[in-house]
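*Asks:* Sharing a structure below in structure tokens format, with a few things to ask.
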Amino acid sequence: MKSLKPLLCSTVIAGLAAFGLQAGTRSAQAADKTVISVAYGETYVFDTEDLTKKWWYGIKSQFESAHPDVTVQLVPIGGGYDDIINKLSLLYRSSRTAPDVAQIATPVIGEFASSGYLAPLDSYLPSTSWWAQFPKVIQGEGVYQGKVYAVNTGENDSQLYYNMDMFKKVRLPVPWTPHNWNDILVAARAIKAKLPGVVPIWLNAGTSSGDNGILQGAGNLLAGSDLPTIFDDKTGKWVVDSPGLRETLDFFHSVYSEHMGGQASDLFSPSAVTIPLTLLQQSKVAIVFGSNYYGGNWTKLICSPCWPVAAQVAGVVPIPTIHGQAPNAATTVGGWDLVVSSASKNPKLAWELVDLMENEENQITAANWAGFVPASQEFVKAPDFVNFAPPYNAVSAQVLPVGVISPSSPDYLIWSHGLQEATGAFVTHPDTTVDAAIGIMSNYVTNQLDPSQVETLK
Amino acid sequence: MSADSLELDLERRVGGGHTSATGSKSRWQDGIDVAAILLLAPAVVLLLALFVGPVAFAFYLGLTNISLVGPTALHWHFTGLVNLRKLMHDQVFWESLRITGIFLAVSAIFGVTVVGMVLALLIQHAIAWLRVAVGAIVVVAWMLPPITAALLWYAFSTSGGTLSFVTGTHMDFLNAFPMTIICLANIWSTAGFSMLVLAAGLRNVPSEVLEAGRMEGASKWTIFRSLTLPIMQPTIVTNILLVTLLSLANFSLIYIMTAGGPGNATNILPIYSYQEAFQFNKLSYGALLGDVIVIIATVFAYFYVRASRRTVLSV
């Protein structure tokens, strides 16, 4: 036993030395590696946290395999929309914390670019295969002062969903193809008259959902009105009264003064924009102004809520323009984009990471797992996307090119809030007139900005 | 100051504080107590660094054009009275101030205090097991996190909730009477604190005084109005001020239930400040609105300190 002691001691010492050497080498190797950080929404953007992790860890793995000397550092940001934007704003305040790549919401691209936080991407874009496939309107969403600072990584647009069983019961045509706004109201009135207890039409109103309520509600009507201007580029002023706004609010007036809209508690709920998913499944609503992600949410994979027979019950059509004028489809468009930090020490690598995320496989996976429409007009035709949630994905892809992007300015959210208050007034006081609603919006926006920053269009 | 002199100073204080030649060495000529300053220093430094400094900076930010993101996120500057002028002409601010006043007056100053007093009187006269049970339930309501209280009241007061079921209607009480429901929710979640404070005050009312009132033939109401309430006045004032400060900081309850809506019906100042700073990205204006909240809280805190001193002196 005695003779074994020195041997045991030397083995332990040698082992520790070897471990220390290995650890040292490993840390030296880690120190040699280039780190590219990427910040993204952890709980809000994708449909589930598991899918978020799966997609982002997949990206990390793909990039690190292709670049063995690079480590991708994931920076997940929890919370909702405002939390993601606020956290990114704080991260970008210092070059030490600014992520090399970030996923940011379309409406704030201009603000981040104007802060000097983002690097222009124009020099990289011509060499990609996917950029030329983006519709012009989506290429334009990342432009600030003539330069491209962001590329889209998934859009949301809107459609009309309708319950085909209810339509058949009240002898409305199935498939239904409304040619103008009046066709929508006529169908809703028929439902109200013959199917009591059912919400004839779901149209988001009020402030509880923030700008999402506009993107999935009034914004679609305004986009299909006679004058959809939100911000007048010629005068640099916000439009608070126009024929387009009056037509939009008149539609709200018809819906809510005739008691065809949803319940106030649902409309004013913080989760208002997702309530129609369940109402449609439970056959409690006939027509819905809803977002493209509905079809995906009903699939077995996302299951929020599960509705295997959705395609046999819930029809989908583009939202028509007010009189059926060309292109006779109207929708807002808003989504998430990828940006590269101006403070990045490795902008080329950061761009390569963006390029990887924009490839067909990753974009279609992101679209299916996050309820997006891929921006590339080639990817939207891919069977993996179209067949993920038929027939919904095909319709959302069809209307994407005619979509309207919201102005990228901090003051847009004030304008949007004014319109949210105006639409909410029809719910709380169904006798609200269009003039009164315009007054509510105009007063709010004028008070928040300045009389010199707003205008009326005739 | 050496350790010896500190020891001497402490000895002098424990010994009755008489002034001696040795003791006078530990004081500066103008009579400042060095030991007291040294002992207070850490607290003062922390207070300056973690409270006075940030508040002062927030007041300064209120007079700048800093934004959360945008051209003035990094390159911001002092803009003088621009934001103050905007505040003076901001209709939403004045409406928000009015709503804040109503919320504090109805729920904190009146509601919570009255309910707290009623509960305190009830448990004082209740049999032991009932006192314990009611006290526990009310205190649990007070201890609940604001998010839980908000969700409970949201489920209770919206269409299809308990309130509409009990009243046999499909009415959406939260959106029909938003401020009333918010005030009730605040009273429900804060009354436990008020009950504890007032119950402690009630126990300190001398029984001899109440007995004398009864012997004089005074009714229960007269005894309560003319004897109990005046004796408890300092406790009631303290309670009102504390509850007011608690309610002013109760951002979560309203934000979760209504987010300030519908319209601006429940848009109290903390909600409006958050909206300007973190939704519209106007950090400077949000900071200015926060400053107004600090001023309101300071006024209440001043009266609270005064009331506390009076209570201590009367004891």
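The way I read the labels, and the way they are meant: chains A, B, ... in the order of the structure tokens, residue 1 as the first residue of every chain, and ligand 1 as the first ligand shown, with later ones counted on from there.
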Please provide as a PyMOL selection string all residues within 9 Å of Ile256 of chain B, with the sequence filter that same-chain residues fewer than 5 positions apart are discarded (counting only C-alpha atoms).
*Replies:* (chain A and resi 270) or (chain B and resi 146-147+150-151+154+251)
*Asks:* Within 8 Å of chain B, which residues belong to chain A? Use only C-alpha atoms and report them as a ChimeraX atom specification.
*Replies:* /A:82,86,89-90,93,110-116,206-208,263-265,268-269,410-411,413-414,421,424-425,428,444,447-448
*Asks:* Atoms to include: N, CA and C atoms. Write the selected residues as a CSV table (one decimal), in the first residue's frame.
*Replies:*
```csv
chain,number,residue,atom,x,y,z
A,82,ASP,N,-43.6,46.4,-26.3
A,82,ASP,CA,-43.0,47.5,-25.8
A,82,ASP,C,-41.7,47.2,-25.0
A,86,ASN,N,-38.1,48.8,-25.8
A,86,ASN,CA,-37.5,49.5,-24.7
A,86,ASN,C,-36.1,48.9,-24.4
A,89,SER,N,-33.7,49.7,-27.2
A,89,SER,CA,-33.3,51.1,-27.1
A,89,SER,C,-32.2,51.3,-26.0
A,90,LEU,N,-32.3,50.6,-24.9
A,90,LEU,CA,-31.3,50.7,-23.8
A,90,LEU,C,-30.0,50.0,-24.2
A,93,ARG,N,-27.9,52.1,-26.5
A,93,ARG,CA,-27.4,53.4,-26.0
A,93,ARG,C,-25.9,53.4,-25.8
A,110,GLY,N,-37.1,53.5,-38.5
A,110,GLY,CA,-36.7,54.9,-38.7
A,110,GLY,C,-36.1,55.5,-37.5
A,111,GLU,N,-36.7,55.2,-36.3
A,111,GLU,CA,-36.2,55.8,-35.1
A,111,GLU,C,-34.8,55.3,-34.8
A,112,PHE,N,-34.6,54.0,-34.9
A,112,PHE,CA,-33.3,53.4,-34.6
A,112,PHE,C,-32.3,53.9,-35.6
A,113,ALA,N,-32.7,54.0,-36.9
A,113,ALA,CA,-31.8,54.5,-37.9
A,113,ALA,C,-31.4,56.0,-37.6
A,114,SER,N,-32.4,56.8,-37.3
A,114,SER,CA,-32.2,58.2,-37.0
A,114,SER,C,-31.3,58.4,-35.8
A,115,SER,N,-31.3,57.4,-34.9
A,115,SER,CA,-30.4,57.5,-33.7
A,115,SER,C,-28.9,57.3,-34.0
A,116,GLY,N,-28.7,56.8,-35.2
A,116,GLY,CA,-27.3,56.5,-35.6
A,116,GLY,C,-26.9,55.1,-35.1
A,206,GLY,N,-60.6,50.6,-29.9
A,206,GLY,CA,-60.1,51.0,-28.6
A,206,GLY,C,-58.6,50.9,-28.5
A,207,THR,N,-58.1,51.2,-27.3
A,207,THR,CA,-56.6,51.4,-27.1
A,207,THR,C,-55.9,50.2,-26.4
A,208,SER,N,-56.7,49.2,-26.0
A,208,SER,CA,-56.0,48.1,-25.2
A,208,SER,C,-55.0,47.3,-26.0
A,263,GLN,N,-68.3,42.3,-27.9
A,263,GLN,CA,-68.5,42.9,-26.6
A,263,GLN,C,-67.4,43.8,-26.2
A,264,ALA,N,-67.7,44.9,-25.4
A,264,ALA,CA,-66.7,45.8,-25.0
A,264,ALA,C,-65.6,45.1,-24.2
A,265,SER,N,-66.0,44.1,-23.3
A,265,SER,CA,-65.0,43.5,-22.5
A,265,SER,C,-64.0,42.7,-23.3
A,268,PHE,N,-61.9,45.5,-25.4
A,268,PHE,CA,-61.0,46.3,-24.6
A,268,PHE,C,-60.1,45.4,-23.8
A,269,SER,N,-60.1,44.1,-24.0
A,269,SER,CA,-59.2,43.2,-23.3
A,269,SER,C,-57.8,43.4,-23.8
A,410,PRO,N,-41.7,58.3,-34.5
A,410,PRO,CA,-42.2,58.1,-33.1
A,410,PRO,C,-43.6,58.8,-33.0
A,411,ASP,N,-43.9,59.8,-33.8
A,411,ASP,CA,-45.2,60.5,-33.7
A,411,ASP,C,-46.3,59.6,-34.3
A,413,LEU,N,-47.1,56.7,-33.5
A,413,LEU,CA,-47.8,56.0,-32.4
A,413,LEU,C,-48.8,57.0,-31.7
A,414,ILE,N,-48.5,58.3,-31.8
A,414,ILE,CA,-49.5,59.2,-31.2
A,414,ILE,C,-50.7,59.3,-32.1
A,421,GLU,N,-58.4,55.8,-29.9
A,421,GLU,CA,-59.4,56.4,-29.0
A,421,GLU,C,-60.7,56.7,-29.8
A,424,GLY,N,-62.6,53.5,-30.3
A,424,GLY,CA,-63.1,53.0,-29.0
A,424,GLY,C,-64.4,53.7,-28.6
A,425,ALA,N,-64.5,55.0,-29.0
A,425,ALA,CA,-65.7,55.8,-28.6
A,425,ALA,C,-66.9,55.2,-29.2
A,428,THR,N,-67.9,52.4,-26.6
A,428,THR,CA,-68.5,52.8,-25.3
A,428,THR,C,-69.7,53.7,-25.5
A,444,TYR,N,-56.8,64.7,-29.7
A,444,TYR,CA,-55.7,64.0,-29.1
A,444,TYR,C,-54.4,64.3,-29.8
A,447,ASN,N,-53.2,67.9,-29.5
A,447,ASN,CA,-52.8,68.2,-28.1
A,447,ASN,C,-51.4,67.6,-27.8
A,448,GLN,N,-51.1,66.4,-28.3
A,448,GLN,CA,-49.9,65.7,-28.1
A,448,GLN,C,-48.8,66.3,-28.9
```
*Asks:* Leaving out segment 159-171 of chain A and any residue of its chain fewer than 4 positions from it, which residues lie within 6 Å of it when counting only C-alpha atoms, given as JSON, numbers by chain?
*Replies:* {"A": [286, 287, 288, 289, 290, 313, 314, 315, 316, 317, 318, 319]}
*Asks:* What is the atom CA of Pro305 of chain A to atom CA of Gly371 of chain A distance in Å?
*Replies:*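 Value for the atom CA of Pro305 of chain A-atom CA of Gly371 of chain A distance: 13.6 Å.
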*Asks:* Find the residues near segment 47-63 of chain A: any atom within 9 Å, counting only C-alpha atoms, skip ones fewer than 2 places away on the same chain, and give them as a PyMOL selection string.
*Replies:* chain A and resi 40-45+65-68+70-74+297+302+304+352-353+356-357+362+365-366+369-371
*Asks:* Hey, can you check how far atom CA of Pro270 of chain B sits from atom CA of Asn250 of chain B?
*Replies:* 8.5 Å
